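Colleague: Pasting in a structure now, in structure tokens, and then I'll have a few things to ask.
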Amino acid sequence: MSFIVAIDGTAGSGKGTVSKLIAEKFNLCNIDTGATYRCLALNVLENNIEIENKEKIIKLLENINIDIQGTNSNPIFLLNGRDVSNKIRNKEVTDIVSQISSIPEVRLKLVDWQREFAKNKNVILDGRDIGTFVFPNANVKIYLDASAEKRAERRYEENIEKGINTSFEEVLENIKMRDKQDKEKEIGALKIADDATVIDTTNLSIEEVVDKIEKIIEEKFVKG
Ligand code: DC
């Protein structure tokens, strides 16, 4: 029997960072499901496929092979055997990934991949629809959120560290747009699972968020 932790929430709420730390602490396999959509989005760009051409995008899915290797703290995303860990974070990919992930056939195929990759493992998955759709029977479900301004502030600081030159206003607009797109998807829309624990991270440090989730997992995982 495997143990499944689902971390869903809005863009910039801290899902990725928190998931890595929790994975380390409990020796869980960390699956960044957003990266699977990013791999396909990168492949779409590399093949010069128009984003409106859903047929070609769906066809591309037949020949796409995604794998995660490396460690929880330093995962390596492989697309058809090629390390694309950095490329999938590019602005060009970020700009189209939401639209790509809105295509129902894409979701079904990549959700299958996520379920298969998680099979027979103790896992933590971060995404938007993990607790509601990918693993509705997950042992622990967490929904992370924070004010749009706070999330934009975090992204803005990350960008500065990475040398990416965008204004705070631009980042905030982007966060608001992504919230709208994530919540309005036909399938896989971002919503709170009935049995999820909601954590508002606006005024919490990463350590405080991790601490709260650790306590919830310890209750279920360690004590049974
Ligand atoms: O978390 P992220 O920014 O890497 O996600 C990339 C995109 O994929 C984003 O537009 C939301 C979408 N996504 C999704 O629809 N379902 C998931 N389980 C994870 C991400």
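Please note that chains go A, B, ... in the order of the structure tokens, that every chain numbers its residues from 1, and that ligands are numbered from 1 in the order shown.
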Might you pull out every residue within 12 Å of Ile130 (chain A), with only C-alpha atoms counted and same-chain residues fewer than 2 positions away left off, and present them as a PyMOL selection string?

Modeller: chain A and resi 4-9+31-34+107+111+114-115+118+123-128+132-143+188-193+196

Colleague: Tell me which protein, DNA and RNA residues are within 12 Å of Ser102 (chain A), counting only C-alpha atoms, leaving out same-chain ones fewer than 6 positions away, and put them as number ranges by chain.

Modeller: A: 37, 41, 51-52, 54, 57-58, 96, 108, 110, 128, 178, 181-190

Colleague: With distances taken over only C-alpha atoms, which residue among A:Gln69, A:Ser205, A:Asn74, A:Asn159 lies nearest Asn90 (chain A)?

Modeller: A:Asn159

Colleague: Contacts of Val18 (chain A) at 10 Å or less, counting only C-alpha atoms, minus same-chain residues fewer than 3 places along, as an MDAnalysis selection string?

Modeller: chainID A and resid 7 13:15 21:23 126 144 206:207 209:211 213

Colleague: I need the residue nearest ligand 1 from this list: A:Lys87, A:Lys162, A:Arg38, A:Lys56. Use only C-alpha atoms and all ligand atoms for the distance.

Modeller: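 Using only C-alpha atoms and all ligand atoms, the shortest distance to ligand 1 belongs to A:Arg38.
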
Colleague: Output as a PyMOL selection string all residues of chain A that backbone DSSP marks as helix (DSSP H, G or I).

Modeller: chain A and resi 15-26+33-46+54-63+87-89+91-100+104-118+130-134+148-162+168-184+206-222

Colleague: Do you know which residues are at most 10 Å from Asn203 (chain A) counting only C-alpha atoms, after dropping those on the same chain fewer than 6 positions away, and could you put them as a VMD selection string?

Modeller: chain A and resid 146 to 147 150 209

Colleague: Restrict the selected residues to C-alpha atoms and save them as a PDB file, in the first residue's frame.

Modeller:
ATOM      1  CA  ALA A 146      -1.798  33.335  -0.208  1.00  0.00           C
ATOM      2  CA  SER A 147      -2.823  36.813  -1.300  1.00  0.00           C
ATOM      3  CA  LYS A 150       2.271  38.225  -1.512  1.00  0.00           C
ATOM      4  CA  VAL A 209       4.074  25.907   6.566  1.00  0.00           C
TER       5      VAL A 209
END

Colleague: Would you compute the distance between CA of Ile66 (chain A) and CA of Lys180 (chain A)? Give it in Å to one decimal.

Modeller: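 Those two atoms sit 27.6 Å apart.
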
Colleague: Looking at only C-alpha atoms, which of A:Tyr156, A:Ile64, A:Ser2, A:Gly16 is the one that sits closest to Leu78 (chain A)?

Modeller: A:Ile64

Colleague: Just want the 9 Å neighbourhood of Ala35 (chain A), counted on only C-alpha atoms, with same-chain residues fewer than 6 positions away dropped. Output as a VMD selection string.

Modeller: chain A and resid 77 85 88 to 89

Colleague: Pick from A:Pro75, A:Gly70, A:Gly81, A:Pro104: nearest to ligand 1, with only C-alpha atoms and all ligand atoms counted?

Modeller: A:Pro104

Colleague: Among region 35-169 of chain A, which ones does DSSP assign to strand (DSSP E) (computed from the backbone)? Answer as a CSV table (one decimal) with N, CA, C and O atoms, in the first residue's frame.

Modeller:
chain,number,residue,atom,x,y,z
A,66,ILE,N,8.3,11.2,-20.9
A,66,ILE,CA,8.7,12.0,-19.7
A,66,ILE,C,9.2,11.1,-18.6
A,66,ILE,O,8.7,10.1,-18.3
A,67,ASP,N,10.3,11.6,-18.0
A,67,ASP,CA,10.8,10.8,-16.8
A,67,ASP,C,11.3,11.8,-15.8
A,67,ASP,O,11.8,12.9,-16.2
A,68,ILE,N,11.3,11.5,-14.5
A,68,ILE,CA,11.9,12.3,-13.5
A,68,ILE,C,13.0,11.4,-12.8
A,68,ILE,O,12.7,10.3,-12.4
A,69,GLN,N,14.2,12.0,-12.8
A,69,GLN,CA,15.3,11.3,-12.2
A,69,GLN,C,16.0,12.3,-11.2
A,69,GLN,O,15.4,13.3,-10.9
A,70,GLY,N,17.2,12.0,-10.8
A,70,GLY,CA,17.8,12.9,-9.8
A,70,GLY,C,17.3,12.7,-8.4
A,70,GLY,O,16.9,11.6,-8.1
A,75,PRO,N,15.7,17.5,-8.7
A,75,PRO,CA,15.1,16.6,-9.7
A,75,PRO,C,15.6,17.0,-11.1
A,75,PRO,O,15.8,18.1,-11.4
A,76,ILE,N,15.7,15.9,-11.9
A,76,ILE,CA,16.1,16.1,-13.3
A,76,ILE,C,14.9,15.6,-14.2
A,76,ILE,O,14.4,14.5,-14.0
A,77,PHE,N,14.4,16.6,-15.0
A,77,PHE,CA,13.2,16.2,-15.8
A,77,PHE,C,13.7,15.9,-17.2
A,77,PHE,O,14.5,16.6,-17.9
A,78,LEU,N,13.4,14.6,-17.6
A,78,LEU,CA,13.9,14.2,-18.9
A,78,LEU,C,12.7,14.1,-19.9
A,78,LEU,O,11.6,13.6,-19.6
A,79,LEU,N,12.9,14.7,-21.1
A,79,LEU,CA,11.9,14.7,-22.2
A,79,LEU,C,12.6,14.0,-23.3
A,79,LEU,O,13.6,14.4,-23.9
A,82,ARG,N,16.2,13.6,-22.8
A,82,ARG,CA,17.0,14.8,-22.8
A,82,ARG,C,16.7,15.6,-21.5
A,82,ARG,O,15.5,15.7,-21.1
A,83,ASP,N,17.7,16.1,-20.8
A,83,ASP,CA,17.5,16.9,-19.6
A,83,ASP,C,17.0,18.3,-20.0
A,83,ASP,O,17.7,19.1,-20.6
A,123,VAL,N,4.4,8.8,-2.0
A,123,VAL,CA,4.7,10.0,-2.9
A,123,VAL,C,4.1,11.3,-2.3
A,123,VAL,O,3.1,11.3,-1.5
A,124,ILE,N,4.6,12.4,-2.8
A,124,ILE,CA,4.0,13.7,-2.5
A,124,ILE,C,3.9,14.3,-3.9
A,124,ILE,O,4.9,14.4,-4.7
A,125,LEU,N,2.7,14.7,-4.3
A,125,LEU,CA,2.5,15.3,-5.6
A,125,LEU,C,2.1,16.8,-5.5
A,125,LEU,O,1.2,17.0,-4.7
A,126,ASP,N,2.7,17.7,-6.2
A,126,ASP,CA,2.1,19.1,-6.1
A,126,ASP,C,1.5,19.4,-7.5
A,126,ASP,O,2.1,19.0,-8.5
A,127,GLY,N,0.4,20.1,-7.4
A,127,GLY,CA,-0.3,20.5,-8.7
A,127,GLY,C,-1.5,21.3,-8.4
A,127,GLY,O,-1.5,22.2,-7.5
A,140,VAL,N,-3.4,12.4,2.6
A,140,VAL,CA,-3.3,13.7,3.1
A,140,VAL,C,-3.5,14.7,2.0
A,140,VAL,O,-2.9,14.5,0.9
A,141,LYS,N,-4.4,15.6,2.2
A,141,LYS,CA,-4.7,16.7,1.1
A,141,LYS,C,-4.5,18.1,1.7
A,141,LYS,O,-5.1,18.4,2.7
A,142,ILE,N,-3.6,18.8,1.1
A,142,ILE,CA,-3.3,20.2,1.5
A,142,ILE,C,-3.7,21.1,0.4
A,142,ILE,O,-3.3,20.8,-0.8
A,143,TYR,N,-4.3,22.3,0.7
A,143,TYR,CA,-4.5,23.3,-0.3
A,143,TYR,C,-3.8,24.6,0.2
A,143,TYR,O,-4.1,25.1,1.3
A,144,LEU,N,-2.8,25.0,-0.5
A,144,LEU,CA,-2.0,26.2,-0.1
A,144,LEU,C,-2.5,27.4,-0.9
A,144,LEU,O,-2.8,27.3,-2.1
A,145,ASP,N,-2.6,28.5,-0.2
A,145,ASP,CA,-3.0,29.8,-0.9
A,145,ASP,C,-2.3,30.9,-0.2
A,145,ASP,O,-1.8,30.8,0.9

Colleague: Rounded to one decimal in Å, what is the spacing between CA of Thr94 (chain A) and CA of Leu61 (chain A)?

Modeller: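 So the two atoms, CA of Thr94 (chain A) and CA of Leu61 (chain A), lie 18.7 Å apart.
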